[in-house]
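**Q** Below is one structure. I have some questions about it.
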Amino acid sequence: MTALHGRAIVTVAASAGGLEPLRTLLAGLPADLPASVLVVLHIPATGGRTLPRILDRAGVLPAAAAVDGEPLRPGRVYVAPPDLHLLVVDGLVRTSRGPRQNGVRPSADPLFRSAALYGGPQTIGVVLSGTLDDAALGAATVEQRGGCVIVQDPDDAAYDSMPRCALAATQHPAIRPAGRIAELLTRLTREETEMPRSEPGADLEAEVRALLAGDPQITPWPRDYSGFTCPECGGPLYHAREHATGGYDCMVGHRWSPESLLEEQTSTVERAMWLAIRSLDERRRLTEGLAEAARSRGHPISAAHFQAASEEAALAADVIRGATSRMPPVTEEPVADQLTADQAGTGR
């Protein structure tokens, strides 16, 4: 048996360069939209407090920071608060301080996957401009559970990595420039879709429950160790169940897509290199002082030993400095800079 329902849950993910297409999308949505809109925009844990006000001004739909436990209502925009994952559970908005996924919190994947779990074909996932590949797994889950996926045309996006990764992870996404997404979205929300009476995926349900419980430890079923360690907690990383995505999980619940893991490893290596430079500079200064003290006491052999150690430390620090200059740049444009510009009146 199946029941007919409209597509009543819209999830939207954006990151670097995503604020403007997000505004454009909201500006094109009608006041009588028969769906709830939930938004994740990658923002720093200490920023983004003004984002709901910015999005509230973007169109006719009221936008506000999501409040844990409030019911989903059509024609409303729910914005993920800073440092909290946004979820959909049994028709309610839920927030969670669960482990970061893809190195960020809020992350798009928990929102898309929880909405797909509880909404199934009623769910629409929208992926806008951004770097790396958060939302790719979530978009694939939305599609697998019968929902629709809309992706901003990569050629129209300021940063095309998130859209391209979402396209690679899905089979039948709709591709539109930012200015045409609202039109398609409005039409899809007014279409009835069959809601099959089927049991939800047990693994996905357990994942969402664990995020809400704040204890997302992963049961150590037989899994393949990846050979990598989690950049967040230092624990071993295992190949995720969704092998098609190439993702990784650690035992305490951090989840990494391949691109986000690579980016975080790059940042970790750079931090370690600067720490090494600082330690070597301190060693150089210390051994220089010891060499000078040995010379002043008439101990030339000790002075030469300490001087050689000082020169070795200086050379090693210079080598590492040269290597840091060749490190790949950080790919993510801080969304906080976009919000600050808007507050200063330079935004729309």
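Ligands are numbered from 1 in the order shown, residues from 1 within each chain, and chains are lettered A, B, ... in the order they appear in the structure tokens.
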May I have all residues of stretch 113-264 of chain A that DSSP, computed from the backbone, assigns to helix (DSSP H, G or I), given as an mmCIF file with C-alpha atoms, in the first residue's frame?

**A**
```cif
data_model
loop_
_atom_site.group_PDB
_atom_site.id
_atom_site.type_symbol
_atom_site.label_atom_id
_atom_site.label_comp_id
_atom_site.auth_asym_id
_atom_site.auth_seq_id
_atom_site.Cartn_x
_atom_site.Cartn_y
_atom_site.Cartn_z
ATOM 1 C CA ARG A 113 20.338 11.853 5.433
ATOM 2 C CA SER A 114 17.955 12.392 8.349
ATOM 3 C CA ALA A 115 15.440 14.123 6.075
ATOM 4 C CA ALA A 116 15.695 11.258 3.587
ATOM 5 C CA LEU A 117 15.237 8.733 6.392
ATOM 6 C CA TYR A 118 12.024 10.279 7.699
ATOM 7 C CA GLY A 119 10.734 11.953 4.542
ATOM 8 C CA GLY A 120 11.692 9.494 1.821
ATOM 9 C CA PRO A 121 10.170 10.638 -1.511
ATOM 10 C CA GLN A 122 8.848 13.772 0.194
ATOM 11 C CA ALA A 136 27.502 14.376 -1.746
ATOM 12 C CA LEU A 137 26.681 11.412 0.492
ATOM 13 C CA GLY A 138 23.526 13.169 1.682
ATOM 14 C CA ALA A 139 22.342 13.856 -1.858
ATOM 15 C CA ALA A 140 22.941 10.218 -2.770
ATOM 16 C CA THR A 141 20.855 9.149 0.246
ATOM 17 C CA VAL A 142 17.993 11.473 -0.726
ATOM 18 C CA GLU A 143 17.957 9.973 -4.208
ATOM 19 C CA GLN A 144 18.228 6.382 -2.965
ATOM 20 C CA PRO A 154 28.922 23.974 -11.633
ATOM 21 C CA ASP A 155 29.608 26.506 -14.388
ATOM 22 C CA ASP A 156 27.278 28.907 -12.562
ATOM 23 C CA SER A 161 33.517 21.336 -5.991
ATOM 24 C CA MET A 162 30.386 20.693 -3.912
ATOM 25 C CA PRO A 163 28.087 20.702 -6.963
ATOM 26 C CA ARG A 164 30.414 18.459 -8.969
ATOM 27 C CA CYS A 165 30.795 15.970 -6.107
ATOM 28 C CA ALA A 166 27.003 15.854 -5.654
ATOM 29 C CA LEU A 167 26.594 15.201 -9.378
ATOM 30 C CA ALA A 168 29.142 12.382 -9.232
ATOM 31 C CA ALA A 169 27.347 10.750 -6.281
ATOM 32 C CA ALA A 178 20.974 29.516 -9.271
ATOM 33 C CA GLY A 179 18.389 31.790 -10.847
ATOM 34 C CA ARG A 180 16.248 28.859 -12.050
ATOM 35 C CA ILE A 181 16.319 26.585 -9.007
ATOM 36 C CA ALA A 182 13.386 28.243 -7.206
ATOM 37 C CA GLU A 183 11.079 27.714 -10.172
ATOM 38 C CA LEU A 184 11.818 23.996 -10.336
ATOM 39 C CA LEU A 185 11.700 23.653 -6.565
ATOM 40 C CA THR A 186 8.287 25.294 -6.346
ATOM 41 C CA ARG A 187 6.904 22.992 -9.010
ATOM 42 C CA LEU A 188 8.296 19.868 -7.331
ATOM 43 C CA THR A 189 6.822 20.784 -3.940
ATOM 44 C CA ALA A 202 18.397 0.216 10.134
ATOM 45 C CA ASP A 203 21.943 1.558 9.799
ATOM 46 C CA LEU A 204 20.769 5.039 8.853
ATOM 47 C CA GLU A 205 18.209 5.083 11.656
ATOM 48 C CA ALA A 206 20.874 4.072 14.173
ATOM 49 C CA GLU A 207 23.168 6.804 12.871
ATOM 50 C CA VAL A 208 20.539 9.511 13.350
ATOM 51 C CA ARG A 209 19.592 8.222 16.826
ATOM 52 C CA ALA A 210 23.246 8.227 17.853
ATOM 53 C CA LEU A 211 23.712 11.824 16.721
ATOM 54 C CA LEU A 212 20.705 12.876 18.780
ATOM 55 C CA ALA A 213 21.864 10.910 21.828
ATOM 56 C CA HIS A 243 31.726 2.108 -0.134
ATOM 57 C CA ALA A 244 30.587 3.841 -3.319
ATOM 58 C CA THR A 245 31.354 7.199 -1.707
ATOM 59 C CA PRO A 258 37.838 11.573 0.741
ATOM 60 C CA GLU A 259 38.199 15.257 -0.164
ATOM 61 C CA SER A 260 37.475 16.550 3.334
ATOM 62 C CA LEU A 261 39.938 14.038 4.808
ATOM 63 C CA LEU A 262 42.638 15.176 2.378
ATOM 64 C CA GLU A 263 41.962 18.829 3.218
ATOM 65 C CA GLU A 264 42.117 18.203 6.963
#
```

**Q** For stretch 101-110 of chain A, list every protein, DNA or RNA residue within 7 Å, evaluated using only C-alpha atoms, and leave out those in the same chain fewer than 4 positions away; present the list as a ChimeraX atom specification.

**A** /A:13,40,42,80,82-87,114,134-135,137-138,254-257,260-261

**Q** Which residue out of A:Arg94, A:Arg73, A:Arg283, A:Arg23 has the minimum interatomic distance to A:Val60 when only C-alpha atoms are used?

**A**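 That would be A:Arg23, the residue with the smallest distance to A:Val60.
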
**Q** Out of A:Thr266, A:Leu51, A:Gly59, A:Arg145, which residue has the shortest atom-to-atom distance to A:Arg326 when counting only C-alpha atoms?

**A**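 With only C-alpha atoms as the atom set, the closest residue is A:Thr266.
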
**Q** With only C-alpha atoms as the atoms that count, which of A:Val93, A:Val39, A:Arg100, A:Ala157 lies nearest to A:Pro231?

**A**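 The answer is A:Arg100, which sits nearest to A:Pro231.
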
**Q** Quick one: pick out all strand (DSSP E) residues within stretch 96-328 of chain A from a backbone DSSP run and write them as an NGL selection string.

**A** :A and (96 or 123-127 or 148-152 or 174-176 or 192-196 or 225-229 or 236-239 or 248-250 or 255-256)

**Q** Using Å and a single decimal, report how far atom CA of A:Leu290 sits from atom CA of A:Ala304.

**A** 10.0 Å

**Q** Of the candidates A:Ile9, A:Val79, A:Ala240, A:Ala64, which one gets nearest to A:Asp224 if we count only C-alpha atoms?

**A**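 Of all the options, A:Ala240 lies closest to A:Asp224.
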
**Q** List the neighbours of A:Arg271 out to 10 Å using only C-alpha atoms; skip same-chain residues closer than 6 positions along the sequence, and give me the result as JSON, numbers by chain.

**A** {"A": [265, 277, 324]}

**Q** Restricting it to all heavy atoms, dump the selection as a PDB file, in the first residue's frame.

**A**
```pdb
ATOM      1  N   GLN A 265      43.926  16.647   6.477  1.00  0.00           N
ATOM      2  CA  GLN A 265      45.303  16.160   6.608  1.00  0.00           C
ATOM      3  C   GLN A 265      46.295  17.237   6.197  1.00  0.00           C
ATOM      4  O   GLN A 265      47.344  17.405   6.825  1.00  0.00           O
ATOM      5  CB  GLN A 265      45.498  14.909   5.741  1.00  0.00           C
ATOM      6  CG  GLN A 265      44.890  13.655   6.328  1.00  0.00           C
ATOM      7  CD  GLN A 265      45.087  12.457   5.425  1.00  0.00           C
ATOM      8  OE1 GLN A 265      45.275  12.604   4.210  1.00  0.00           O
ATOM      9  NE2 GLN A 265      45.048  11.273   5.992  1.00  0.00           N
ATOM     10  N   ILE A 277      59.010  24.154  13.134  1.00  0.00           N
ATOM     11  CA  ILE A 277      59.827  25.359  12.917  1.00  0.00           C
ATOM     12  C   ILE A 277      60.019  26.107  14.233  1.00  0.00           C
ATOM     13  O   ILE A 277      61.132  26.542  14.565  1.00  0.00           O
ATOM     14  CB  ILE A 277      59.161  26.265  11.858  1.00  0.00           C
ATOM     15  CG1 ILE A 277      59.249  25.624  10.475  1.00  0.00           C
ATOM     16  CG2 ILE A 277      59.816  27.644  11.845  1.00  0.00           C
ATOM     17  CD1 ILE A 277      58.430  26.325   9.420  1.00  0.00           C
ATOM     18  N   THR A 324      56.839  24.607   3.601  1.00  0.00           N
ATOM     19  CA  THR A 324      55.528  25.196   3.878  1.00  0.00           C
ATOM     20  C   THR A 324      55.118  26.167   2.776  1.00  0.00           C
ATOM     21  O   THR A 324      53.926  26.307   2.479  1.00  0.00           O
ATOM     22  CB  THR A 324      55.517  25.928   5.231  1.00  0.00           C
ATOM     23  OG1 THR A 324      56.511  26.966   5.227  1.00  0.00           O
ATOM     24  CG2 THR A 324      55.787  24.978   6.373  1.00  0.00           C
TER      25      THR A 324
END
```

**Q** Using only C-alpha atoms, which residues sit within 7 Å of A:Ala14 once same-chain residues fewer than 3 positions away are excluded, as a list in words?

**A**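 What passes the distance filter is Gly18, Val40, Leu41, His42, Val127, Leu128, Ser129 and Gly130 of chain A.
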
**Q** Contacts of A:Thr287 at 8 Å or less, counting only C-alpha atoms, minus same-chain residues fewer than 3 places along, as a list in words?

**A**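 Here the qualifying residues turn out to be Arg283, Arg284, Leu290, Ala291, Phe306, Gln307, Ala309 and Ser310 of chain A.
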
**Q** Distance atom CA of A:Leu61-atom CA of A:Tyr78, one decimal place?

**A**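 These two atoms are separated by 10.3 Å.
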